[in-house]
Amino acid sequence: MVNLSVNIGELRFKNPVLTASGTCGYGPELEDFFDVSSLGGIVVKGTTLEPREGNQYPRMAETPSGMLNAVGLQNKGIEYFEKHIYPVIAKYNTHVIINVNGNTIDDYVALSERINKLDKIPAIELNISCPNVKRGGMIFGTNPDSARDVIRAVRAVYKKKLIIKLSPNVTNIVDFARIAEEEGADSVSLVNTLLGMAVDINRMKPSLSTVTGGLSGPAIKPVALRMVWQVSRAVKIPVIGMGGIMTASDAIEFFLAGATAVQIGTATFINPMAPVRILEGIEKYLADKHFSDISEIIGFLNRN
Amino acid sequence: MGKRVENLKVIDNKHLTEDFCVLELRSELGLPALLPGQFVQVKVEGSPETFLRRPVSVHDVDYSENKLSLLIQVLGKGTETLYKLDKGDCLNLLYPLGNSFSDPLQGESVLLVGGGTGIAPLLYLGKYLKNKGLRPVFLLGFRNLSRVILTEEFNSLGDVYITTEDGSVGEKGYVTDHSVLSKIIFNRIYCCGPDAMMHAVAGFCKNKNINCEVSLENLMACGFGICLCCIAETTRGNLCTCTDGPVFNTKDLKW
């Protein structure tokens with residue numbers, strides 16, 4: 001038997017495979033395909049205090065080995081979540097993590113305080129890196145002072161595990177990871193999508209209603225992997241890696257580069273079973289290489 | 001009703017024209033229940049440019065042979081690959097997806113309006129309605145003679161009226177110009193085709209107070225309600241075309 005469990009602080013995850021926010025709904029959407037509770041955790045759809053309609057259609061464009069999205073945090077708000085979603089997903093035998101968003105620091109604080117009261121939610125992922133909203137989101141995650149302010153304010157009110165989701169759209173992502181660590185975050189997750197765009201040459205217009213959007217998929221994997229490697233060498237808090245992971249070998253690259261856990265995102269759109277297949281593949285890799293614990297490969301590249 | 005991912009075997013690929021084909025697929029597991037209006041997400045292998053699955057309407061179903069047919073129009077790399085598939089090849093499907101056309105009420109006269117590849121779901125819908133004892137009427141719009149396909153199949157289910165933009169077959173003009181619309185009183189119209197056509201049909205139905213359902217073809221990534229990309233603006237807010245649709249009653253759409 002291989003031990004696949006990993007920890008963020010004292011919070012234990014039974015395995016290191018989580019679904020990425022915005023790519024798994026709230027969990028029930030995947031139940032036709034596999035037992036959601038078999039994963040280490042699920043990071044549910046980006047949530048805001050108020051319901052949001054998101055951006056106008058078209059919100060996506062396919063690109064080589066990837067896709068652009070500009071959903072813009074469409075969600076029904078925290079009240080709907082508390083009343084209708086939480087009772088359903090609180091039954092999962094895995095960690096449910098909420099991706100937290102806001103326009104202002106006050107929004108982030110109010111939402112985090114509210115989620116702090118939900119017993120079955122052991123952690124939040126503070127999204128300071130959404131590229132698809134006009135206010136909040138990436139604006140916090142690309143300015144060191146704003147990032148520090150919002151993390152500090154949320155840390156003051158949120159008592160459970162605080163994960164900061166970092167933007168790759170910065171000069172040096174390590175600076176932001178260090179800020180998160182200094183302000184008492186328990187973990188950083190990276191990367192959110194890369195800002196990109198596509199043009200429809202027949203309509204002679206941008207492919208997305210918002211012109212720019214977030215690029216995800218295998219196209220960004222080398223960039224994401226490099227950033228996970230840099231960050232995991234610079235901070236002591238655990239790093240959750242993501243960005244274009246399609247297969248177990250992709251995930252293993254992230255572990256070797258320093259990720260303690262991984263999130264599976266765009267892959268799930270194409271194969272809804274991807275998270276569980278990747279988990280199986282990781283276990284097989286470890287067994288084949290005669291490792292007894294996932295910790296033996298986490299940060300392997302950084303050991304000498 | 002469970003969704004699944006499955007490799008289906010290509011048992012035939014009928015090339016109708018240079019850019020239309022009907023792919024016939026067999027499920028070794030046995031087909032799940034498929035409703036008219038539902039769709040499948042097809043994985044096209046072999047190119048980084050066909051990264052996401054392609055949504056394709058259920059065109060025909062034969063449960064006795066576990067056979068599912070898809071009408072494909074070549075529009076880009078993905079559909080080009082599908083056009084070239086051969087007997088014996090495999091195709092990976094995520095299905096069944098989406099809602100369905102709603103059943104007509106007792107005694108209603110129904111018209112099925114399709115344009116171009118949009119005729120795809122109407123064959124299966126026509127069969128379904130015929131099995132329910134109705135006699136569906138079809139109104140199909142094509143660009144010109146070279147694009148007129150599958151009329152025999154539709155003829156076997158009910159009366160077929162055709163328009164072409166150049167008048168080379170049937171009446172000249174768009175479907176909304178066809179004389180059958182003024183000759184017969186329809187209570188319900190099902191429509192699938194280009195956006196402009198569906199808007200025109202929806203407008204016609206609104207004026208005449210006819211119940212109208214359209215099947216939308218919005219760009220989507222996942223097909224099962226997690227990416228939130230394929231939204232349609234409705235009176236109930238932004239809804240996913242893949243799970244709340246693809247079939248919408250036009251009175252619910254902000255058109």
# chains A, B, ... in the order shown; residues from 1 in each chain; ligands from 1
>>> closest_atom_pairs(of="chain B", to="chain A", cutoff="9 Å", atoms="only C-alpha atoms", output="CSV")
residue,atom,partner,partner_atom,distance
B:Met1,CA,A:Asp32,CA,8.6
B:Gly2,CA,A:Asp32,CA,5.6
B:Lys3,CA,A:Asp32,CA,5.9
B:Arg4,CA,A:Phe33,CA,6.6
B:Val5,CA,A:Asn271,CA,7.7
B:Gln41,CA,A:Ile270,CA,8.8
B:Lys43,CA,A:Ile270,CA,7.8
B:Ser47,CA,A:Pro64,CA,8.4
B:Pro48,CA,A:Ser65,CA,4.8
B:Glu49,CA,A:Pro64,CA,4.6
B:Thr50,CA,A:Pro64,CA,7.4
B:Phe51,CA,A:Ser65,CA,5.4
B:Leu52,CA,A:Ile270,CA,6.0
B:Arg53,CA,A:Ile270,CA,6.2
B:Leu94,CA,A:Asn271,CA,8.2
B:Asn218,CA,A:Pro58,CA,8.2
B:Leu219,CA,A:Met60,CA,7.1
B:Met220,CA,A:Met60,CA,7.2
B:Ala221,CA,A:Phe269,CA,6.2
B:Cys222,CA,A:Phe269,CA,4.2
B:Gly223,CA,A:Phe269,CA,7.7
B:Phe224,CA,A:Glu29,CA,7.2
B:Gly225,CA,A:Glu29,CA,6.9
B:Ile226,CA,A:Gly25,CA,4.7
B:Cys227,CA,A:Thr23,CA,5.7
B:Leu228,CA,A:Val71,CA,6.6
B:Cys229,CA,A:Arg59,CA,5.2
B:Cys230,CA,A:Tyr57,CA,7.3
B:Ile231,CA,A:Tyr57,CA,6.6
B:Ala232,CA,A:Tyr57,CA,7.6
B:Glu233,CA,A:Tyr57,CA,8.5
B:Gly237,CA,A:Glu53,CA,7.0
B:Asn238,CA,A:Glu53,CA,6.2
>>> select_by_dssp(residues="stretch 91-285 of chain A", states="alpha helix (DSSP H)", output="NGL selection string")
:A and (105-116 or 138-141 or 144-157 or 173-182 or 221-234 or 248-257 or 267-270 or 274-285)
>>> residues_around(residues="stretch 136-145 of chain A", least_positions_apart="3", cutoff="7 Å", atoms="only C-alpha atoms", output="MDAnalysis selection string")
chainID A and resid 101:104 127:131 133 148:149 166:167 169:170 176
>>> write_last_selection(atoms="N, CA, C and O atoms", output="short mmCIF file (atom, residue, chain, number, x, y, z; two decimals), in the first residue's frame")
data_model
loop_
_atom_site.label_atom_id
_atom_site.label_comp_id
_atom_site.auth_asym_id
_atom_site.auth_seq_id
_atom_site.Cartn_x
_atom_site.Cartn_y
_atom_site.Cartn_z
N ASN A 101 -14.35 35.05 -3.61
CA ASN A 101 -14.12 36.20 -4.47
C ASN A 101 -14.86 37.44 -3.98
O ASN A 101 -15.90 37.31 -3.33
N GLY A 102 -14.36 38.60 -4.36
CA GLY A 102 -15.05 39.83 -4.01
C GLY A 102 -14.54 40.99 -4.83
O GLY A 102 -13.50 40.91 -5.47
N ASN A 103 -15.32 42.10 -4.79
CA ASN A 103 -14.88 43.32 -5.46
C ASN A 103 -13.95 44.13 -4.58
O ASN A 103 -13.08 44.84 -5.06
N THR A 104 -14.20 44.04 -3.27
CA THR A 104 -13.46 44.88 -2.33
C THR A 104 -12.95 44.00 -1.19
O THR A 104 -13.39 42.86 -1.02
N ASN A 127 -9.39 33.74 -3.91
CA ASN A 127 -9.11 33.96 -5.33
C ASN A 127 -8.76 35.42 -5.56
O ASN A 127 -9.63 36.27 -5.70
N ILE A 128 -7.46 35.70 -5.60
CA ILE A 128 -7.02 37.07 -5.90
C ILE A 128 -6.40 37.08 -7.30
O ILE A 128 -5.49 37.84 -7.59
N SER A 129 -6.94 36.21 -8.15
CA SER A 129 -6.28 36.02 -9.44
C SER A 129 -7.24 35.79 -10.60
O SER A 129 -6.81 35.42 -11.68
N CYS A 130 -8.55 36.04 -10.39
CA CYS A 130 -9.48 35.86 -11.51
C CYS A 130 -9.24 36.95 -12.54
O CYS A 130 -9.34 38.13 -12.22
N PRO A 131 -8.93 36.57 -13.79
CA PRO A 131 -8.63 37.60 -14.79
C PRO A 131 -9.87 38.15 -15.49
O PRO A 131 -9.77 39.03 -16.33
N VAL A 133 -12.88 39.55 -14.24
CA VAL A 133 -13.82 40.47 -13.60
C VAL A 133 -13.23 41.88 -13.61
O VAL A 133 -12.01 42.05 -13.56
N ARG A 148 -1.27 41.94 -0.07
CA ARG A 148 -1.00 41.88 1.37
C ARG A 148 -2.21 42.33 2.18
O ARG A 148 -2.61 41.69 3.16
N ASP A 149 -2.82 43.43 1.74
CA ASP A 149 -3.96 43.98 2.49
C ASP A 149 -5.11 42.98 2.55
O ASP A 149 -5.71 42.78 3.61
N LEU A 166 -2.86 32.10 -6.54
CA LEU A 166 -2.01 33.14 -7.13
C LEU A 166 -2.18 33.27 -8.64
O LEU A 166 -2.46 32.30 -9.34
N SER A 167 -1.95 34.49 -9.09
CA SER A 167 -2.02 34.78 -10.53
C SER A 167 -0.65 34.59 -11.16
O SER A 167 0.37 35.03 -10.61
N ASN A 169 0.00 36.12 -13.84
CA ASN A 169 0.16 37.32 -14.67
C ASN A 169 0.91 38.42 -13.92
O ASN A 169 0.44 39.55 -13.78
N VAL A 170 2.07 38.04 -13.39
CA VAL A 170 2.90 38.97 -12.62
C VAL A 170 4.35 38.78 -13.04
O VAL A 170 4.71 37.77 -13.64
N PHE A 176 4.64 37.19 -4.48
CA PHE A 176 3.27 37.07 -3.98
C PHE A 176 3.12 35.87 -3.04
O PHE A 176 2.40 35.92 -2.06
#
>>> residues_around(residues="B:Thr234", least_positions_apart="6", cutoff="8 Å", atoms="only C-alpha atoms", output="list in words")
Asp252, Leu253 and Lys254 of chain B
>>> residues_around(residues="B:Gly115", least_positions_apart="2", cutoff="9 Å", atoms="only C-alpha atoms", output="list of chain:residue names")
B:Val113, B:Thr117, B:Gly118, B:Ile119, B:Leu139, B:Leu140, B:Gly141, B:Phe142, B:Arg143, B:Val175, B:Cys191, B:Cys192, B:Gly193, B:Pro194, B:Met197, B:Met198
>>> write_last_selection(atoms="N, CA and C atoms", output="PDB file, in the first residue's frame")
ATOM      1  N   VAL B 113     -39.065  22.653 -38.156  1.00  0.00           N
ATOM      2  CA  VAL B 113     -38.359  23.525 -39.091  1.00  0.00           C
ATOM      3  C   VAL B 113     -36.852  23.383 -38.888  1.00  0.00           C
ATOM      4  N   THR B 117     -27.282  22.036 -41.241  1.00  0.00           N
ATOM      5  CA  THR B 117     -27.027  20.920 -40.320  1.00  0.00           C
ATOM      6  C   THR B 117     -28.063  20.870 -39.211  1.00  0.00           C
ATOM      7  N   GLY B 118     -28.785  21.970 -39.024  1.00  0.00           N
ATOM      8  CA  GLY B 118     -29.822  22.031 -37.998  1.00  0.00           C
ATOM      9  C   GLY B 118     -30.959  21.040 -38.203  1.00  0.00           C
ATOM     10  N   ILE B 119     -30.992  20.414 -39.367  1.00  0.00           N
ATOM     11  CA  ILE B 119     -32.020  19.382 -39.586  1.00  0.00           C
ATOM     12  C   ILE B 119     -31.689  18.128 -38.770  1.00  0.00           C
ATOM     13  N   LEU B 139     -40.438  21.403 -42.525  1.00  0.00           N
ATOM     14  CA  LEU B 139     -40.098  22.522 -43.403  1.00  0.00           C
ATOM     15  C   LEU B 139     -38.589  22.702 -43.305  1.00  0.00           C
ATOM     16  N   LEU B 140     -37.901  22.377 -44.396  1.00  0.00           N
ATOM     17  CA  LEU B 140     -36.442  22.357 -44.354  1.00  0.00           C
ATOM     18  C   LEU B 140     -35.853  23.407 -45.296  1.00  0.00           C
ATOM     19  N   GLY B 141     -34.932  24.170 -44.802  1.00  0.00           N
ATOM     20  CA  GLY B 141     -34.296  25.212 -45.615  1.00  0.00           C
ATOM     21  C   GLY B 141     -32.856  24.856 -45.931  1.00  0.00           C
ATOM     22  N   PHE B 142     -32.507  25.028 -47.204  1.00  0.00           N
ATOM     23  CA  PHE B 142     -31.121  24.769 -47.622  1.00  0.00           C
ATOM     24  C   PHE B 142     -30.648  25.939 -48.478  1.00  0.00           C
ATOM     25  N   ARG B 143     -29.327  26.013 -48.670  1.00  0.00           N
ATOM     26  CA  ARG B 143     -28.805  27.120 -49.461  1.00  0.00           C
ATOM     27  C   ARG B 143     -29.155  26.915 -50.943  1.00  0.00           C
ATOM     28  N   VAL B 175     -37.103  29.821 -44.890  1.00  0.00           N
ATOM     29  CA  VAL B 175     -38.217  28.998 -44.394  1.00  0.00           C
ATOM     30  C   VAL B 175     -39.423  29.833 -43.997  1.00  0.00           C
ATOM     31  N   CYS B 191     -37.745  23.978 -33.865  1.00  0.00           N
ATOM     32  CA  CYS B 191     -36.836  24.560 -34.844  1.00  0.00           C
ATOM     33  C   CYS B 191     -35.377  24.382 -34.461  1.00  0.00           C
ATOM     34  N   CYS B 192     -34.568  24.046 -35.447  1.00  0.00           N
ATOM     35  CA  CYS B 192     -33.126  23.986 -35.240  1.00  0.00           C
ATOM     36  C   CYS B 192     -32.434  24.384 -36.532  1.00  0.00           C
ATOM     37  N   GLY B 193     -31.534  25.339 -36.415  1.00  0.00           N
ATOM     38  CA  GLY B 193     -30.834  25.813 -37.610  1.00  0.00           C
ATOM     39  C   GLY B 193     -29.953  26.991 -37.262  1.00  0.00           C
ATOM     40  N   PRO B 194     -29.522  27.732 -38.283  1.00  0.00           N
ATOM     41  CA  PRO B 194     -28.691  28.911 -38.010  1.00  0.00           C
ATOM     42  C   PRO B 194     -29.436  29.906 -37.112  1.00  0.00           C
ATOM     43  N   MET B 197     -32.098  32.089 -38.665  1.00  0.00           N
ATOM     44  CA  MET B 197     -33.317  31.351 -38.977  1.00  0.00           C
ATOM     45  C   MET B 197     -34.166  31.127 -37.731  1.00  0.00           C
ATOM     46  N   MET B 198     -33.514  30.734 -36.651  1.00  0.00           N
ATOM     47  CA  MET B 198     -34.277  30.470 -35.422  1.00  0.00           C
ATOM     48  C   MET B 198     -34.918  31.755 -34.896  1.00  0.00           C
TER      49      MET B 198
END
>>> select_by_dssp(residues="stretch 60-196 of chain A", states="strand (DSSP E or B)", output="number ranges by chain")
A: 60-63, 66-69, 75, 95-100, 123-127, 161-165, 187-190, 194-196
>>> residues_around(residues="A:Lys284", least_positions_apart="2", cutoff="12 Å", atoms="only C-alpha atoms", output="mmCIF file with all heavy atoms, in the first residue's frame")
data_model
loop_
_atom_site.group_PDB
_atom_site.id
_atom_site.type_symbol
_atom_site.label_atom_id
_atom_site.label_comp_id
_atom_site.auth_asym_id
_atom_site.auth_seq_id
_atom_site.Cartn_x
_atom_site.Cartn_y
_atom_site.Cartn_z
ATOM 1 N N MET A 1 0.831 -1.217 0.000
ATOM 2 C CA MET A 1 0.000 0.000 0.000
ATOM 3 C C MET A 1 0.867 1.269 0.000
ATOM 4 O O MET A 1 1.857 1.367 0.706
ATOM 5 C CB MET A 1 -0.888 0.017 1.254
ATOM 6 C CG MET A 1 -2.225 -0.704 1.090
ATOM 7 S SD MET A 1 -3.263 0.032 -0.184
ATOM 8 C CE MET A 1 -3.954 1.433 0.710
ATOM 9 N N VAL A 2 0.464 2.194 -0.810
ATOM 10 C CA VAL A 2 1.178 3.466 -0.882
ATOM 11 C C VAL A 2 0.390 4.495 -0.080
ATOM 12 O O VAL A 2 -0.830 4.586 -0.219
ATOM 13 C CB VAL A 2 1.279 3.929 -2.354
ATOM 14 C CG1 VAL A 2 2.003 5.256 -2.450
ATOM 15 C CG2 VAL A 2 1.964 2.870 -3.200
ATOM 16 N N ASN A 3 1.085 5.243 0.756
ATOM 17 C CA ASN A 3 0.404 6.320 1.476
ATOM 18 C C ASN A 3 0.325 7.550 0.588
ATOM 19 O O ASN A 3 1.340 8.127 0.198
ATOM 20 C CB ASN A 3 1.138 6.663 2.774
ATOM 21 C CG ASN A 3 0.464 7.832 3.480
ATOM 22 O OD1 ASN A 3 -0.748 7.988 3.407
ATOM 23 N ND2 ASN A 3 1.263 8.672 4.130
ATOM 24 N N LEU A 4 -0.905 7.927 0.278
ATOM 25 C CA LEU A 4 -1.101 9.069 -0.613
ATOM 26 C C LEU A 4 -1.503 10.325 0.151
ATOM 27 O O LEU A 4 -1.707 11.382 -0.446
ATOM 28 C CB LEU A 4 -2.197 8.728 -1.634
ATOM 29 C CG LEU A 4 -1.826 7.711 -2.710
ATOM 30 C CD1 LEU A 4 -3.068 7.268 -3.464
ATOM 31 C CD2 LEU A 4 -0.814 8.308 -3.680
ATOM 32 N N ALA A 248 -1.624 11.510 -15.205
ATOM 33 C CA ALA A 248 -0.874 11.262 -13.981
ATOM 34 C C ALA A 248 0.570 11.733 -14.130
ATOM 35 O O ALA A 248 1.140 12.308 -13.197
ATOM 36 C CB ALA A 248 -0.916 9.772 -13.641
ATOM 37 N N SER A 249 1.165 11.528 -15.294
ATOM 38 C CA SER A 249 2.564 11.952 -15.428
ATOM 39 C C SER A 249 2.697 13.471 -15.337
ATOM 40 O O SER A 249 3.670 13.985 -14.785
ATOM 41 C CB SER A 249 3.207 11.389 -16.697
ATOM 42 O OG SER A 249 2.479 11.759 -17.818
ATOM 43 N N ILE A 252 2.642 14.130 -11.662
ATOM 44 C CA ILE A 252 3.882 13.709 -11.010
ATOM 45 C C ILE A 252 4.989 14.741 -11.243
ATOM 46 O O ILE A 252 5.787 15.023 -10.352
ATOM 47 C CB ILE A 252 4.274 12.292 -11.504
ATOM 48 C CG1 ILE A 252 3.257 11.289 -10.952
ATOM 49 C CG2 ILE A 252 5.692 11.920 -11.059
ATOM 50 C CD1 ILE A 252 3.177 9.979 -11.719
ATOM 51 N N ARG A 277 -8.787 9.156 -12.643
ATOM 52 C CA ARG A 277 -7.785 8.438 -13.454
ATOM 53 C C ARG A 277 -6.370 8.904 -13.081
ATOM 54 O O ARG A 277 -5.439 8.107 -13.020
ATOM 55 C CB ARG A 277 -8.024 8.678 -14.945
ATOM 56 C CG ARG A 277 -9.289 8.061 -15.477
ATOM 57 C CD ARG A 277 -9.170 6.552 -15.703
ATOM 58 N NE ARG A 277 -10.461 5.993 -16.078
ATOM 59 C CZ ARG A 277 -11.327 5.479 -15.214
ATOM 60 N NH1 ARG A 277 -11.053 5.425 -13.907
ATOM 61 N NH2 ARG A 277 -12.492 5.011 -15.623
ATOM 62 N N ILE A 278 -6.226 10.186 -12.878
ATOM 63 C CA ILE A 278 -4.920 10.747 -12.507
ATOM 64 C C ILE A 278 -4.501 10.213 -11.141
ATOM 65 O O ILE A 278 -3.349 9.815 -10.938
ATOM 66 C CB ILE A 278 -4.982 12.299 -12.554
ATOM 67 C CG1 ILE A 278 -5.054 12.749 -14.021
ATOM 68 C CG2 ILE A 278 -3.794 12.922 -11.820
ATOM 69 C CD1 ILE A 278 -5.422 14.194 -14.237
ATOM 70 N N LEU A 279 -5.437 10.166 -10.219
ATOM 71 C CA LEU A 279 -5.157 9.612 -8.888
ATOM 72 C C LEU A 279 -4.673 8.158 -8.992
ATOM 73 O O LEU A 279 -3.665 7.775 -8.373
ATOM 74 C CB LEU A 279 -6.422 9.709 -8.028
ATOM 75 C CG LEU A 279 -6.364 9.082 -6.638
ATOM 76 C CD1 LEU A 279 -5.245 9.701 -5.803
ATOM 77 C CD2 LEU A 279 -7.716 9.248 -5.923
ATOM 78 N N GLU A 280 -5.369 7.370 -9.794
ATOM 79 C CA GLU A 280 -4.970 5.966 -9.981
ATOM 80 C C GLU A 280 -3.557 5.874 -10.569
ATOM 81 O O GLU A 280 -2.751 5.036 -10.157
ATOM 82 C CB GLU A 280 -5.950 5.253 -10.928
ATOM 83 C CG GLU A 280 -7.319 5.000 -10.320
ATOM 84 C CD GLU A 280 -8.405 4.713 -11.370
ATOM 85 O OE1 GLU A 280 -8.078 4.645 -12.583
ATOM 86 O OE2 GLU A 280 -9.573 4.585 -10.970
ATOM 87 N N GLY A 281 -3.282 6.753 -11.520
ATOM 88 C CA GLY A 281 -1.977 6.751 -12.179
ATOM 89 C C GLY A 281 -0.841 7.130 -11.238
ATOM 90 O O GLY A 281 0.268 6.598 -11.332
ATOM 91 N N ILE A 282 -1.129 8.062 -10.343
ATOM 92 C CA ILE A 282 -0.115 8.468 -9.362
ATOM 93 C C ILE A 282 0.209 7.283 -8.445
ATOM 94 O O ILE A 282 1.378 6.985 -8.163
ATOM 95 C CB ILE A 282 -0.622 9.675 -8.525
ATOM 96 C CG1 ILE A 282 -0.781 10.909 -9.409
ATOM 97 C CG2 ILE A 282 0.316 9.958 -7.354
ATOM 98 C CD1 ILE A 282 -1.583 12.032 -8.763
ATOM 99 N N LEU A 286 3.898 5.367 -8.081
ATOM 100 C CA LEU A 286 4.608 5.222 -6.800
ATOM 101 C C LEU A 286 4.881 3.747 -6.506
ATOM 102 O O LEU A 286 5.992 3.388 -6.077
ATOM 103 C CB LEU A 286 3.793 5.856 -5.664
ATOM 104 C CG LEU A 286 3.657 7.386 -5.751
ATOM 105 C CD1 LEU A 286 2.650 7.882 -4.718
ATOM 106 C CD2 LEU A 286 5.000 8.083 -5.554
ATOM 107 N N ALA A 287 3.878 2.914 -6.763
ATOM 108 C CA ALA A 287 4.048 1.479 -6.508
ATOM 109 C C ALA A 287 5.124 0.895 -7.431
ATOM 110 O O ALA A 287 6.009 0.161 -6.986
ATOM 111 C CB ALA A 287 2.715 0.759 -6.706
ATOM 112 N N ASP A 288 5.065 1.275 -8.707
ATOM 113 C CA ASP A 288 6.048 0.764 -9.672
ATOM 114 C C ASP A 288 7.466 1.169 -9.304
ATOM 115 O O ASP A 288 8.418 0.443 -9.549
ATOM 116 C CB ASP A 288 5.734 1.282 -11.086
ATOM 117 C CG ASP A 288 4.492 0.639 -11.673
ATOM 118 O OD1 ASP A 288 3.980 -0.330 -11.061
ATOM 119 O OD2 ASP A 288 4.015 1.107 -12.730
ATOM 120 N N LYS A 289 7.609 2.340 -8.742
ATOM 121 C CA LYS A 289 8.941 2.840 -8.364
ATOM 122 C C LYS A 289 9.304 2.439 -6.926
ATOM 123 O O LYS A 289 10.307 2.921 -6.387
ATOM 124 C CB LYS A 289 8.974 4.370 -8.484
ATOM 125 C CG LYS A 289 8.851 4.853 -9.917
ATOM 126 C CD LYS A 289 10.071 5.668 -10.313
ATOM 127 C CE LYS A 289 9.999 6.080 -11.759
ATOM 128 N NZ LYS A 289 11.303 5.950 -12.432
ATOM 129 N N HIS A 290 8.443 1.638 -6.313
ATOM 130 C CA HIS A 290 8.674 1.152 -4.950
ATOM 131 C C HIS A 290 8.752 2.259 -3.907
ATOM 132 O O HIS A 290 9.527 2.183 -2.958
ATOM 133 C CB HIS A 290 9.935 0.270 -4.891
ATOM 134 C CG HIS A 290 9.881 -0.851 -5.885
ATOM 135 N ND1 HIS A 290 8.969 -1.891 -5.770
ATOM 136 C CD2 HIS A 290 10.574 -1.061 -7.026
ATOM 137 C CE1 HIS A 290 9.130 -2.696 -6.813
ATOM 138 N NE2 HIS A 290 10.089 -2.216 -7.589
ATOM 139 N N PHE A 291 7.967 3.288 -4.109
ATOM 140 C CA PHE A 291 7.823 4.289 -3.057
ATOM 141 C C PHE A 291 6.653 3.872 -2.175
ATOM 142 O O PHE A 291 5.676 3.295 -2.655
ATOM 143 C CB PHE A 291 7.523 5.669 -3.647
ATOM 144 C CG PHE A 291 8.683 6.303 -4.372
ATOM 145 C CD1 PHE A 291 8.608 6.579 -5.731
ATOM 146 C CD2 PHE A 291 9.856 6.621 -3.686
ATOM 147 C CE1 PHE A 291 9.673 7.167 -6.398
ATOM 148 C CE2 PHE A 291 10.934 7.208 -4.351
ATOM 149 C CZ PHE A 291 10.842 7.479 -5.714
ATOM 150 N N SER A 292 6.750 4.145 -0.886
ATOM 151 C CA SER A 292 5.645 3.789 -0.007
ATOM 152 C C SER A 292 4.841 5.020 0.400
ATOM 153 O O SER A 292 3.778 4.910 0.990
ATOM 154 C CB SER A 292 6.163 3.083 1.246
ATOM 155 O OG SER A 292 7.074 3.929 1.910
ATOM 156 N N ASP A 293 5.346 6.202 0.071
ATOM 157 C CA ASP A 293 4.678 7.424 0.518
ATOM 158 C C ASP A 293 4.870 8.517 -0.523
ATOM 159 O O ASP A 293 6.002 8.729 -0.997
ATOM 160 C CB ASP A 293 5.280 7.865 1.862
ATOM 161 C CG ASP A 293 4.391 8.860 2.584
ATOM 162 O OD1 ASP A 293 4.017 9.881 1.960
ATOM 163 O OD2 ASP A 293 4.061 8.605 3.763
ATOM 164 N N ILE A 294 3.789 9.202 -0.832
ATOM 165 C CA ILE A 294 3.853 10.299 -1.808
ATOM 166 C C ILE A 294 4.882 11.356 -1.389
ATOM 167 O O ILE A 294 5.507 12.000 -2.235
ATOM 168 C CB ILE A 294 2.440 10.934 -2.010
ATOM 169 C CG1 ILE A 294 2.436 12.103 -3.027
ATOM 170 C CG2 ILE A 294 1.850 11.464 -0.722
ATOM 171 C CD1 ILE A 294 2.119 11.734 -4.412
#
>>> residues_around(residues="A:Glu183", least_positions_apart="3", cutoff="10 Å", atoms="only C-alpha atoms", output="MDAnalysis selection string")
chainID A and resid 147:156 177:180 186
>>> write_last_selection(atoms="C-alpha atoms", output="JSON list (two decimals), in the first residue's frame")
[["chain", "number", "residue", "atom", "x", "y", "z"],
["A", 147, "ALA", "CA", -2.45, 41.35, -2.08],
["A", 148, "ARG", "CA", -1.00, 41.88, 1.37],
["A", 149, "ASP", "CA", -3.96, 43.98, 2.49],
["A", 150, "VAL", "CA", -6.60, 41.49, 1.41],
["A", 151, "ILE", "CA", -4.76, 38.45, 2.78],
["A", 152, "ARG", "CA", -4.13, 40.20, 6.11],
["A", 153, "ALA", "CA", -7.77, 41.28, 6.43],
["A", 154, "VAL", "CA", -9.10, 37.80, 5.67],
["A", 155, "ARG", "CA", -6.54, 36.09, 7.90],
["A", 156, "ALA", "CA", -7.78, 38.23, 10.79],
["A", 177, "ALA", "CA", 3.82, 33.64, -2.47],
["A", 178, "ARG", "CA", 6.14, 35.20, 0.12],
["A", 179, "ILE", "CA", 3.53, 37.83, 0.96],
["A", 180, "ALA", "CA", 0.96, 35.07, 1.47],
["A", 186, "ASP", "CA", -1.53, 28.10, 5.21]]
>>> closest_residue(among="B:Gly170, B:Gly76, B:Gly203, B:Pro36", to="B:Leu129", atoms="only C-alpha atoms")
B:Pro36
>>> closest_residue(among="B:Asp62, B:Asp159, B:Ala120, B:Asp19", to="B:Leu134", atoms="only C-alpha atoms")
B:Asp159
>>> closest_residue(among="B:Ile184, B:Val10, B:Leu25, B:Val40", to="B:Lys67", atoms="only C-alpha atoms")
B:Leu25
